[in-house]
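**Student:** Below: one structure in structure tokens.
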Amino acid sequence: MREKTTLVVFSSDLDKIIAAFNIAIGSASMDMDVTMFFTFWGLNVLRKKRSVKKHISLLKRLLNFFNRGGVDRLKLSKFNMMGMGTYMMKLLMKKSKMPSVQELITLAKELGVKFVACSTTMEMLGVKSEDLIPEVNTIAGVSTYISNAKQSKINLFI
Amino acid sequence: MREKTTLVVFSSDLDKIIAAFNIAIGSASMDMDVTMFFTFWGLNVLRKKRSVKKHISLLKRLLNFFNRGGVDRLKLSKFNMMGMGTYMMKLLMKKSKMPSVQELITLAKELGVKFVACSTTMEMLGVKSEDLIPEVNTIAGVSTYISNAKQSKINLFI
Amino acid sequence: MREKTTLVVFSSDLDKIIAAFNIAIGSASMDMDVTMFFTFWGLNVLRKKRSVKKHISLLKRLLNFFNRGGVDRLKLSKFNMMGMGTYMMKLLMKKSKMPSVQELITLAKELGVKFVACSTTMEMLGVKSEDLIPEVNTIAGVSTYISNAKQSKINLFI
């Protein structure tokens with residue numbers, strides 16, 4: 001059986017998302033089975049930029065107004081400075097020929113990394129499966145994560 | 001011997017605390033031995049809302065003025081917005097019939113999850129054992145954590 | 001073979017750095033092989049306070065203006081309050097006879113903890129090997145981290 005890496009992607013900070021994908025892609029390149037479990041804010045990475053929001057409560061709509069999905073909206077955990085720091089970092093990554101989050105997603109998928117969307121988070125925020133990007137493999141809860149994690153050589157909360 | 005889950009709960013962010021308890025309760029439900037090691041800001045979860053503060057230095061009192069204990073005071077890591085975001089999230093959790101932190105604590109205890117309070121943090125902040133909630137099993141230092149962690153299938157820093 | 005602890009130090013928050021060193025030093029004291037892999041903001045811990053910055057782009061210089069290296073510049077993740085909270089915490093640590101980050105670095109090195117600087121972060125921020133403190137053992141990328149991590153009993157993302 002191949003060795004496993006299982007990552008809980010809790011954060012939606014741009015910097016942490018990049019770190020998570022680097023570890024996922026690195027593990028997959030080294031022939032490991034990789035699962036990324038996106039939960040809470042991290043679910044934003046798997047959400048379409050513009051998703052249909054009908055029949056959800058005012059409260060969920062309000063929360064989704066602040067907490068919008070889509071990889072283009074991810075911000076740095078530090079020095080965001082009204083977007084300037086995040087913009088500078090993205091520019092720097094581009095100049096350093098580092099891949100964008102969108103490219104990291106594509107690369108991870110090519111290497112067989114599995115994307116799991118947390119069902120509890122989806123229910124709480126009113127996110128439907130049609131709001132998710134097609135790269136998502138499954139929607140699952142905490143017991144799926146635990147089954148995976150306890151067989152894993154690498155298991156991080158990011 | 002049963003498989004183990006050991007969590008370092010470093011943060012006091014409401015969202016991370018919920019994630020930590022979900023993983024703890026999930027592991028315990030799947031018949032694992034679970035220890036939650038509360039350190040630094042995370043210790044707030046184990047502190048009584050109103051604790052007796054006598055004979056501690058002005059400096060510790062000042063720090064405790066900002067960093068108050070009790071599960072009702074936990075805030076979101078993002079979108080707190082002077083408490084509005086945290087309030088909305090709590091309302092949303094309630095509407096989604098998700099348990100509150102107080103209920104998560106009760107449920108975790110019922111499933112045999114062990115709560116450890118970090119002795120170094122207590123000393124630094126001037127927190128006494130009588131300031132802690134009765135659900136705490138033991139007060140211990142980093143060596144206890146390491147002994148546990150290295151035997152664990154799941155071990156996260158949250 | 002001795003048991004291993006491998007820590008990804010991603011953050012540069014003073015509180016998380018202290019937690020990382022406590023776990024590293026605790027593990028090393030219990031006869032484990034410890035590697036700390038400093039990446040992204042965490043690289044600041046390994047940077048000299050004043051490092052020579054020549055021939056790097058305006059963009060990198062701008063980012064480095066905000067994100068300066070050196071252990072004296074680390075701030076609390078919460079209650080920094082324009083530096084006041086961080087100052088108070090440092091004072092409190094001193095009064096509690098807890099070691100400073102500089103002392104934690106020295107102690108960790110004495111116990112044989114290995115410091116790895118992330119090569120990708122260095123390239124992105126324009127940090128050269130002469131900008132790093134002499135305590136750094138090696139400069140390496142994600143594959144080195146993964147090789148280490150998957151053999152480790154304790155492996156955390158901090």
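Residues in the structure tokens are named by chain (A, B, ... in the order shown) and by number from 1 within that chain; ligands are numbered from 1 in the order shown.
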Give me the residues of chain A that have any atom at most 8 Å from an atom of chain B; for each, the nearest atom pair and the distance in Å, rounded to one decimal. Use only C-alpha atoms, sort by chain and number, and format it as a tab-separated table.

**Tutor:**
```
residue	atom	partner	partner_atom	distance
A:Phe40	CA	B:Asp15	CA	7.7
A:Leu59	CA	B:Leu92	CA	7.0
A:Lys60	CA	B:Leu92	CA	7.3
A:Leu63	CA	B:Met88	CA	7.5
A:Phe66	CA	B:Phe79	CA	7.4
A:Glu123	CA	B:Ser96	CA	7.6
A:Met124	CA	B:Ser96	CA	6.1
A:Val142	CA	B:Gly26	CA	6.3
A:Ser143	CA	B:Gly26	CA	6.0
A:Ile146	CA	B:Ser27	CA	6.6
A:Ala149	CA	B:Ile154	CA	6.4
A:Lys150	CA	B:Lys153	CA	4.9
A:Gln151	CA	B:Lys153	CA	7.3
A:Ser152	CA	B:Lys153	CA	8.0
A:Asn155	CA	B:Ile154	CA	7.2
A:Leu156	CA	B:Leu156	CA	6.1
A:Phe157	CA	B:Leu156	CA	5.9
```

**Student:** Go ahead and write the residues just picked, all heavy atoms, as a short mmCIF file (atom, residue, chain, number, x, y, z; two decimals), in the first residue's frame.

**Tutor:**
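What landed in selection-v2.cif:
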```
data_model
loop_
_atom_site.label_atom_id
_atom_site.label_comp_id
_atom_site.auth_asym_id
_atom_site.auth_seq_id
_atom_site.Cartn_x
_atom_site.Cartn_y
_atom_site.Cartn_z
N PHE A 40 -14.24 24.52 6.88
CA PHE A 40 -14.43 25.90 7.34
C PHE A 40 -13.97 26.91 6.26
O PHE A 40 -14.37 26.79 5.12
CB PHE A 40 -13.70 26.12 8.67
CG PHE A 40 -14.63 26.71 9.69
CD1 PHE A 40 -15.22 25.92 10.65
CD2 PHE A 40 -14.94 28.07 9.66
CE1 PHE A 40 -16.10 26.48 11.59
CE2 PHE A 40 -15.81 28.63 10.58
CZ PHE A 40 -16.39 27.84 11.55
N LEU A 59 -29.39 35.15 6.82
CA LEU A 59 -28.21 35.02 7.65
C LEU A 59 -27.05 34.40 6.86
O LEU A 59 -25.92 34.89 6.86
CB LEU A 59 -28.55 34.14 8.86
CG LEU A 59 -27.57 34.18 10.02
CD1 LEU A 59 -27.44 35.56 10.59
CD2 LEU A 59 -28.04 33.22 11.12
N LYS A 60 -27.35 33.32 6.14
CA LYS A 60 -26.32 32.66 5.33
C LYS A 60 -25.87 33.58 4.21
O LYS A 60 -24.69 33.63 3.86
CB LYS A 60 -26.86 31.35 4.74
CG LYS A 60 -26.98 30.26 5.80
CD LYS A 60 -27.44 28.93 5.22
CE LYS A 60 -27.69 27.94 6.38
NZ LYS A 60 -28.11 26.63 5.94
N LEU A 63 -23.51 36.18 5.67
CA LEU A 63 -22.19 35.62 5.96
C LEU A 63 -21.43 35.37 4.66
O LEU A 63 -20.22 35.61 4.56
CB LEU A 63 -22.32 34.32 6.74
CG LEU A 63 -21.06 33.97 7.51
CD1 LEU A 63 -21.03 34.72 8.84
CD2 LEU A 63 -20.93 32.49 7.76
N PHE A 66 -19.60 38.40 3.14
CA PHE A 66 -18.23 38.67 3.60
C PHE A 66 -17.28 37.56 3.19
O PHE A 66 -16.17 37.79 2.76
CB PHE A 66 -18.22 38.83 5.12
CG PHE A 66 -18.94 40.06 5.57
CD1 PHE A 66 -20.18 40.00 6.15
CD2 PHE A 66 -18.36 41.31 5.35
CE1 PHE A 66 -20.84 41.15 6.53
CE2 PHE A 66 -19.02 42.47 5.73
CZ PHE A 66 -20.27 42.38 6.32
N GLU A 123 -23.14 22.54 4.85
CA GLU A 123 -24.47 22.68 5.42
C GLU A 123 -24.60 23.99 6.18
O GLU A 123 -25.57 24.74 6.03
CB GLU A 123 -24.73 21.49 6.37
CG GLU A 123 -26.18 21.24 6.67
CD GLU A 123 -26.34 20.13 7.69
OE1 GLU A 123 -25.49 19.20 7.67
OE2 GLU A 123 -27.27 20.20 8.51
N MET A 124 -23.58 24.29 6.99
CA MET A 124 -23.63 25.49 7.81
C MET A 124 -23.69 26.76 6.96
O MET A 124 -24.46 27.67 7.25
CB MET A 124 -22.43 25.54 8.74
CG MET A 124 -22.56 26.60 9.81
SD MET A 124 -21.14 26.58 10.93
CE MET A 124 -19.84 27.15 9.83
N VAL A 142 -16.34 14.35 9.08
CA VAL A 142 -15.15 14.19 9.90
C VAL A 142 -14.71 12.73 10.01
O VAL A 142 -13.51 12.44 10.10
CB VAL A 142 -15.34 14.84 11.30
CG1 VAL A 142 -16.31 14.05 12.16
CG2 VAL A 142 -14.02 15.01 12.01
N SER A 143 -15.66 11.76 9.96
CA SER A 143 -15.26 10.36 10.12
C SER A 143 -14.43 9.89 8.93
O SER A 143 -13.50 9.09 9.09
CB SER A 143 -16.48 9.47 10.35
OG SER A 143 -17.34 9.56 9.24
N ILE A 146 -10.96 11.18 9.62
CA ILE A 146 -10.24 10.43 10.66
C ILE A 146 -9.77 9.08 10.14
O ILE A 146 -8.63 8.67 10.39
CB ILE A 146 -11.13 10.29 11.92
CG1 ILE A 146 -11.25 11.67 12.57
CG2 ILE A 146 -10.55 9.29 12.91
CD1 ILE A 146 -12.32 11.77 13.62
N ALA A 149 -6.78 9.91 8.06
CA ALA A 149 -5.68 10.49 8.81
C ALA A 149 -4.91 9.45 9.61
O ALA A 149 -3.69 9.48 9.68
CB ALA A 149 -6.20 11.60 9.72
N LYS A 150 -5.64 8.51 10.21
CA LYS A 150 -4.95 7.59 11.10
C LYS A 150 -4.11 6.55 10.36
O LYS A 150 -3.31 5.86 10.95
CB LYS A 150 -5.91 6.96 12.12
CG LYS A 150 -6.92 6.02 11.58
CD LYS A 150 -7.83 5.56 12.72
CE LYS A 150 -8.70 4.43 12.24
NZ LYS A 150 -9.61 3.96 13.30
N GLN A 151 -4.28 6.49 9.06
CA GLN A 151 -3.42 5.62 8.24
C GLN A 151 -2.31 6.41 7.56
O GLN A 151 -1.56 5.87 6.75
CB GLN A 151 -4.24 4.95 7.13
CG GLN A 151 -5.35 4.06 7.63
CD GLN A 151 -6.22 3.58 6.47
OE1 GLN A 151 -6.01 3.95 5.32
NE2 GLN A 151 -7.20 2.75 6.78
N SER A 152 -2.21 7.71 7.87
CA SER A 152 -1.30 8.57 7.11
C SER A 152 0.05 8.75 7.79
O SER A 152 0.15 8.79 9.01
CB SER A 152 -1.93 9.94 6.90
OG SER A 152 -3.11 9.81 6.12
N ASN A 155 0.26 14.11 8.34
CA ASN A 155 -1.10 14.56 8.64
C ASN A 155 -0.99 15.91 9.33
O ASN A 155 -0.50 16.01 10.44
CB ASN A 155 -1.77 13.52 9.56
CG ASN A 155 -3.14 13.95 10.03
OD1 ASN A 155 -3.85 14.67 9.34
ND2 ASN A 155 -3.49 13.53 11.23
N LEU A 156 -1.43 16.96 8.66
CA LEU A 156 -1.26 18.31 9.19
C LEU A 156 -2.58 19.07 9.21
O LEU A 156 -3.47 18.82 8.39
CB LEU A 156 -0.25 19.09 8.34
CG LEU A 156 1.15 18.51 8.18
CD1 LEU A 156 1.93 19.27 7.10
CD2 LEU A 156 1.93 18.54 9.49
N PHE A 157 -2.68 20.02 10.12
CA PHE A 157 -3.82 20.95 10.20
C PHE A 157 -3.29 22.31 9.78
O PHE A 157 -2.43 22.88 10.44
CB PHE A 157 -4.33 20.99 11.64
CG PHE A 157 -5.57 21.84 11.84
CD1 PHE A 157 -6.83 21.27 11.79
CD2 PHE A 157 -5.46 23.21 12.06
CE1 PHE A 157 -7.97 22.04 11.99
CE2 PHE A 157 -6.60 23.99 12.25
CZ PHE A 157 -7.85 23.41 12.21
#
```

**Student:** What lies within 12 Å of Phe115 in chain C using only C-alpha atoms, ignoring chain neighbours under 2 positions off, as a PyMOL selection string?

**Tutor:** chain C and resi 6-9+21+24+33-39+42-43+45-47+105-106+108-109+111-113+117-118+132-140+145

**Student:** To one decimal in Å, tell me the separation between CA of Leu125 in chain B and CA of Leu58 in chain B.

**Tutor:**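 CA of Leu58 in chain B lies at a distance of 11.2 Å from CA of Leu125 in chain B.
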
**Student:** Rounded to one decimal, what separation in Å do you get between CA of Lys49 in chain A and CA of Gly69 in chain A?

**Tutor:**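 Taking CA of Lys49 in chain A as the start and CA of Gly69 in chain A as the end point, the length is 5.5 Å.
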
**Student:** Neighbouring residues of Asn44 in chain B were defined as those with any atom within 9 Å, considering only C-alpha atoms; residues of the same chain fewer than 6 positions away were excluded. Please report them as a PyMOL selection string.

**Tutor:** chain B and resi 12+38+67-71+73-74+132

**Student:** What would the file look like if the residues just selected were written as an mmCIF file, in the first residue's frame with N, CA and C atoms?

**Tutor:**
```
data_model
loop_
_atom_site.group_PDB
_atom_site.id
_atom_site.type_symbol
_atom_site.label_atom_id
_atom_site.label_comp_id
_atom_site.auth_asym_id
_atom_site.auth_seq_id
_atom_site.Cartn_x
_atom_site.Cartn_y
_atom_site.Cartn_z
ATOM 1 N N SER B 12 -7.396 30.230 20.513
ATOM 2 C CA SER B 12 -8.684 30.405 21.187
ATOM 3 C C SER B 12 -9.728 30.940 20.200
ATOM 4 N N PHE B 38 -4.486 21.745 26.051
ATOM 5 C CA PHE B 38 -4.793 23.167 25.865
ATOM 6 C C PHE B 38 -3.632 24.030 26.329
ATOM 7 N N ASN B 67 -7.113 39.186 27.823
ATOM 8 C CA ASN B 67 -7.222 37.775 27.488
ATOM 9 C C ASN B 67 -8.062 37.047 28.531
ATOM 10 N N ARG B 68 -9.381 37.270 28.483
ATOM 11 C CA ARG B 68 -10.255 36.686 29.482
ATOM 12 C C ARG B 68 -10.685 35.274 29.111
ATOM 13 N N GLY B 69 -10.919 34.447 30.118
ATOM 14 C CA GLY B 69 -11.292 33.053 29.896
ATOM 15 C C GLY B 69 -12.783 32.873 29.694
ATOM 16 N N GLY B 70 -13.168 31.629 29.440
ATOM 17 C CA GLY B 70 -14.589 31.305 29.303
ATOM 18 C C GLY B 70 -14.985 31.115 27.856
ATOM 19 N N VAL B 71 -15.733 30.057 27.595
ATOM 20 C CA VAL B 71 -16.074 29.710 26.211
ATOM 21 C C VAL B 71 -16.957 30.749 25.525
ATOM 22 N N ARG B 73 -16.558 33.812 25.406
ATOM 23 C CA ARG B 73 -15.764 34.944 24.906
ATOM 24 C C ARG B 73 -14.945 34.599 23.665
ATOM 25 N N LEU B 74 -14.996 33.360 23.201
ATOM 26 C CA LEU B 74 -14.217 32.972 22.027
ATOM 27 C C LEU B 74 -14.720 33.720 20.796
ATOM 28 N N LEU B 132 -9.865 26.861 36.804
ATOM 29 C CA LEU B 132 -10.195 25.989 35.669
ATOM 30 C C LEU B 132 -11.552 25.310 35.873
#
```

**Student:** Nearest to Leu14 in chain A: which of A:Leu76, A:Met1, A:Val127, A:Met82 is it, counting only C-alpha atoms?

**Tutor:**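 Selected residue with least distance to Leu14 in chain A: A:Leu76.
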
**Student:** Which parts of range 41-141 of chain B does DSSP call strand (DSSP E or B) when run on the backbone here, written out as a PyMOL selection string?

**Tutor:** chain B and resi 47+75+114-118+132+138-140

**Student:** Here is a test: counting only C-alpha atoms, which residue of C:Asn148, C:Thr120, C:Asp31, C:Asp72 is nearest to Ser100 in chain C?

**Tutor:**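 Among the listed residues, C:Asp72 lies closest to Ser100 in chain C.
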